[in-house]
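K.L.:
Next up, upload_15.cif (mmCIF, C-alpha atoms).
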data_structure
loop_
_atom_site.label_atom_id
_atom_site.label_comp_id
_atom_site.auth_asym_id
_atom_site.auth_seq_id
_atom_site.Cartn_x
_atom_site.Cartn_y
_atom_site.Cartn_z
CA MET A 26 1.43 -63.23 -11.57
CA ILE A 27 -1.49 -65.04 -13.22
CA SER A 28 -1.84 -64.66 -16.97
CA ALA A 29 -5.10 -63.57 -18.57
CA GLY A 30 -5.53 -66.98 -20.19
CA THR A 31 -5.29 -68.74 -16.85
CA ARG A 32 -7.78 -66.36 -15.25
CA THR A 33 -10.39 -66.77 -17.94
CA GLY A 34 -10.03 -70.51 -18.53
CA LEU A 35 -10.87 -73.34 -16.22
CA LEU A 36 -8.01 -75.19 -14.60
CA LYS A 37 -7.87 -78.91 -14.59
CA ALA A 38 -5.28 -81.26 -13.19
CA SER A 39 -3.48 -83.56 -15.55
CA ARG A 40 -1.70 -86.48 -13.98
CA ILE A 41 1.86 -87.11 -15.00
CA PRO A 42 2.93 -90.54 -13.76
CA LEU A 43 6.27 -90.93 -12.07
CA GLN A 44 7.54 -94.40 -11.43
CA ARG A 45 10.27 -95.48 -9.09
CA ARG A 46 11.20 -98.83 -7.71
CA ILE A 47 11.64 -99.55 -4.04
CA GLY A 48 12.89 -103.07 -3.60
CA ALA A 49 10.68 -105.49 -5.51
CA LYS A 50 7.51 -103.39 -5.22
CA GLY A 51 6.66 -100.73 -7.75
CA VAL A 52 5.27 -97.43 -6.48
CA ARG A 53 3.41 -94.95 -8.68
CA ALA A 54 3.08 -91.31 -7.80
CA PHE A 55 1.28 -88.53 -9.67
CA ILE A 56 2.05 -84.86 -9.86
CA ALA A 57 -0.91 -82.57 -10.46
CA THR A 58 -0.10 -79.82 -12.95
CA PRO A 59 -2.52 -77.11 -14.06
CA LYS A 60 -3.83 -77.44 -17.59
CA ARG A 61 -6.25 -75.04 -19.20
CA CYS A 62 -9.62 -76.36 -20.34
CA THR A 63 -11.05 -75.37 -23.65
CA GLU A 64 -13.94 -72.94 -23.66
CA GLU A 65 -16.32 -75.60 -25.02
CA GLU A 66 -15.61 -78.02 -22.17
CA SER A 67 -18.26 -77.63 -19.51
CA GLN A 68 -17.92 -77.84 -15.77
CA ALA A 69 -20.01 -81.04 -15.85
CA ALA A 70 -17.47 -82.71 -18.14
CA VAL A 71 -14.64 -81.76 -15.79
CA ALA A 72 -16.60 -83.15 -12.81
CA GLU A 73 -17.39 -86.36 -14.71
CA ARG A 74 -13.73 -86.89 -15.55
CA ALA A 75 -12.74 -86.28 -11.93
CA ARG A 76 -15.39 -88.75 -10.73
CA LYS A 77 -14.07 -91.47 -13.03
CA ASN A 78 -10.55 -91.12 -11.63
CA ARG A 79 -11.67 -91.15 -8.00
CA PRO A 80 -11.35 -94.47 -6.17
CA VAL A 81 -14.50 -96.03 -4.78
CA SER A 82 -14.55 -96.12 -1.00
CA PRO A 83 -15.35 -99.47 0.62
CA ASN A 84 -18.83 -100.13 1.88
CA LEU A 85 -19.90 -102.05 4.97
CA GLY A 86 -20.51 -105.11 2.81
CA ILE A 87 -16.79 -105.87 2.60
CA TYR A 88 -16.44 -106.28 6.35
CA LYS A 89 -17.21 -109.44 8.28
CA PRO A 90 -19.95 -108.63 10.83
CA GLN A 91 -18.56 -108.61 14.36
CA MET A 92 -20.39 -108.39 17.65
CA SER A 93 -19.18 -104.88 18.45
CA MET A 94 -20.22 -103.63 15.02
CA VAL A 95 -23.67 -105.21 15.19
CA LEU A 96 -24.35 -104.10 18.77
CA SER A 97 -23.24 -100.56 17.93
CA ALA A 98 -25.65 -100.39 14.99
CA LEU A 99 -28.45 -101.89 17.10
CA HIS A 100 -27.77 -99.38 19.88
CA ARG A 101 -28.15 -96.47 17.47
CA ASN A 102 -31.24 -97.92 15.81
CA THR A 103 -33.01 -98.75 19.07
CA GLY A 104 -32.22 -95.27 20.36
CA VAL A 105 -33.77 -93.72 17.27
CA ALA A 106 -36.81 -96.02 17.54
CA VAL A 107 -37.44 -95.33 21.25
CA ALA A 108 -36.86 -91.58 20.98
CA GLY A 109 -38.83 -91.33 17.73
CA ALA A 110 -41.82 -93.15 19.21
CA ALA A 111 -41.73 -90.92 22.28
CA TYR A 112 -41.50 -87.75 20.18
CA LEU A 113 -44.31 -88.85 17.87
CA TYR A 114 -46.63 -89.75 20.74
CA THR A 115 -45.83 -86.48 22.54
CA ALA A 116 -46.52 -84.47 19.39
CA ALA A 117 -49.74 -86.40 18.73
CA PHE A 118 -50.82 -85.89 22.34
CA GLY A 119 -50.24 -82.14 21.98
CA VAL A 120 -52.08 -81.82 18.67
CA ALA A 121 -54.94 -84.22 19.57
CA PRO A 122 -57.23 -81.58 21.17
CA LEU A 123 -56.93 -79.40 18.06
CA LEU A 124 -58.01 -82.33 15.88
CA GLY A 125 -60.71 -83.51 18.23
CA LEU A 126 -58.94 -86.76 19.13
CA ASP A 127 -58.71 -88.33 22.56
CA LEU A 128 -55.29 -89.81 23.36
CA GLY A 129 -55.76 -90.04 27.11
CA SER A 130 -54.73 -93.03 29.18
CA VAL A 131 -58.22 -94.56 29.22
CA THR A 132 -58.45 -94.47 25.42
CA ALA A 133 -54.91 -95.84 25.00
CA ALA A 134 -55.57 -98.68 27.47
CA SER A 135 -58.84 -99.66 25.81
CA THR A 136 -57.23 -99.57 22.35
CA VAL A 137 -54.38 -101.83 23.49
CA ALA A 138 -56.81 -104.18 25.26
CA ALA A 139 -58.82 -104.56 22.06
CA LEU A 140 -55.79 -105.88 20.10
CA PRO A 141 -55.57 -109.61 19.36
CA ILE A 142 -53.21 -111.48 21.72
CA PRO A 143 -50.50 -112.28 19.10
CA VAL A 144 -50.39 -108.64 17.98
CA LEU A 145 -50.29 -107.43 21.58
CA LEU A 146 -47.44 -109.79 22.47
CA GLY A 147 -45.54 -108.79 19.34
CA LEU A 148 -45.86 -105.09 20.14
CA LYS A 149 -44.86 -105.66 23.76
CA ALA A 150 -41.82 -107.68 22.67
CA LEU A 151 -40.78 -105.04 20.13
CA ILE A 152 -41.14 -102.13 22.53
CA SER A 153 -39.60 -103.88 25.54
CA GLY A 154 -36.79 -105.33 23.42
CA CYS A 155 -35.80 -101.95 22.02
CA LEU A 156 -36.06 -100.21 25.36
CA SER A 157 -34.23 -102.87 27.40
CA PHE A 158 -31.44 -103.35 24.83
CA HIS A 159 -30.84 -99.62 24.58
CA CYS A 160 -30.82 -99.32 28.37
CA PHE A 161 -28.42 -102.23 28.98
CA ASN A 162 -26.11 -101.25 26.14
CA GLY A 163 -26.09 -97.69 27.46
CA ILE A 164 -24.94 -99.03 30.83
CA ARG A 165 -22.25 -100.97 28.96
CA HIS A 166 -21.03 -97.74 27.39
CA LEU A 167 -21.01 -96.01 30.77
CA VAL A 168 -18.84 -98.84 32.13
CA TRP A 169 -16.49 -98.36 29.19
CA ASP A 170 -16.29 -94.66 30.05
CA THR A 171 -14.74 -95.63 33.38
CA GLY A 172 -11.98 -97.46 31.48
CA LYS A 173 -13.11 -100.96 32.41
CA TYR A 174 -13.74 -103.86 29.99
CA VAL A 175 -12.26 -102.02 27.00
CA SER A 176 -10.07 -104.95 25.91
CA ASN A 177 -11.26 -107.33 23.19
CA GLN A 178 -12.12 -109.94 25.80
CA GLY A 179 -14.00 -107.35 27.89
CA VAL A 180 -15.95 -106.13 24.86
CA PHE A 181 -17.12 -109.68 24.15
CA LYS A 182 -17.99 -110.35 27.80
CA THR A 183 -20.05 -107.19 28.11
CA GLY A 184 -21.63 -107.83 24.71
CA TYR A 185 -22.85 -111.26 25.74
CA ALA A 186 -24.01 -109.83 29.08
CA VAL A 187 -26.08 -107.19 27.24
CA ILE A 188 -27.60 -109.82 24.93
CA GLY A 189 -28.49 -112.08 27.86
CA ALA A 190 -29.92 -109.28 30.00
CA THR A 191 -31.94 -108.01 27.04
CA ALA A 192 -33.38 -111.48 26.39
CA LEU A 193 -34.38 -111.91 30.04
CA ALA A 194 -35.87 -108.43 30.35
CA THR A 195 -37.73 -108.69 27.05
CA GLY A 196 -39.21 -112.05 28.01
CA TYR A 197 -40.26 -110.79 31.43
CA LEU A 198 -41.77 -107.53 30.13
CA THR A 199 -43.55 -109.30 27.27
CA PHE A 200 -45.22 -112.08 29.21
CA PHE A 201 -45.69 -110.59 32.69
#
Represent the structure contained in this file as structure tokens.
P.N.:
Amino acid sequence: MISAGTRTGLLKASRIPLQRRIGAKGVRAFIATPKRCTEEESQAAVAERARKNRPVSPNLGIYKPQMSMVLSALHRNTGVAVAGAAYLYTAAFGVAPLLGLDLGSVTAASTVAALPIPVLLGLKALISGCLSFHCFNGIRHLVWDTGKYVSNQGVFKTGYAVIGATALATGYLTFF
């Protein structure tokens, strides 16, 4: 049965250290026991004390960048970029008549044709690079789903194949 003092007061965990030796390494363990907070101690103070005792989780900065990690992040980012651009253009195309704008193919083609050549090539490279990388890396993932090339050596081979195919496709789509 819970006493009235326990019901009305806040509970907090106090850590009682236990030490034991296993071989040459020391191991520390803590037992959490309930301890009543004073009425003046606020919930924020309890949360602050708990935050100070919590270990900080590692961030990505402690890891050495590897090809699989970088390609995975690029795959997600290019997917968001391609899908986001498609959604934005579709939404703009739907709202354009309400705003009195013309986003038809003739207007889009004339707008793109009016861009300076370096800007046009940059946009073409960006769009074709994102689209081709996401496509080739998606094929790589589909191959992995069949159970092939899932070893470390296979991951590197398919990673380099995706990078090479993306470079060739981006160059072709940008300049031709």
K.L.:
Residues at most 12 Å from stretch 178-180 of chain A, counting only C-alpha atoms, excluding those fewer than 2 positions away in the same chain, as a compact mmCIF listing (two decimals) with C-alpha atoms, keeping the file's coordinate frame?
P.N.:
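That gives us result-v4.txt:
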# COMPACT_ATOMS: atom_id res chain seq x y z
CA GLN A 91 -18.56 -108.61 14.36
CA MET A 92 -20.39 -108.39 17.65
CA SER A 93 -19.18 -104.88 18.45
CA MET A 94 -20.22 -103.63 15.02
CA LEU A 96 -24.35 -104.10 18.77
CA SER A 97 -23.24 -100.56 17.93
CA ASN A 162 -26.11 -101.25 26.14
CA ARG A 165 -22.25 -100.97 28.96
CA HIS A 166 -21.03 -97.74 27.39
CA VAL A 168 -18.84 -98.84 32.13
CA TRP A 169 -16.49 -98.36 29.19
CA GLY A 172 -11.98 -97.46 31.48
CA LYS A 173 -13.11 -100.96 32.41
CA TYR A 174 -13.74 -103.86 29.99
CA VAL A 175 -12.26 -102.02 27.00
CA SER A 176 -10.07 -104.95 25.91
CA LYS A 182 -17.99 -110.35 27.80
CA THR A 183 -20.05 -107.19 28.11
CA GLY A 184 -21.63 -107.83 24.71
CA TYR A 185 -22.85 -111.26 25.74
CA ALA A 186 -24.01 -109.83 29.08
CA VAL A 187 -26.08 -107.19 27.24
K.L.:
Figure out the distance between atom CA of A:Gly154 and atom CA of A:Gly86, please, to one decimal in Å.
P.N.:
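Here the two named atoms are 26.3 Å from each other.
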K.L.:
Give as an NGL selection string every residue, naming chains and numbers as the document does, that has an atom within 12 Å of (-33.5, -110.4, 28.1), counting only C-alpha atoms.
P.N.:
:A and (150 or 153-162 or 185-200)
K.L.:
Which distance in Å separates atom CA of A:Tyr88 and atom CA of A:Ala106, to one decimal?
P.N.:
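Rounded to one decimal, the two atoms are 25.4 Å apart.
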K.L.:
Have a look at atom CA of A:Val131 and atom CA of A:Gly119 and let me know their distance in Å, one decimal.
P.N.:
16.4 Å
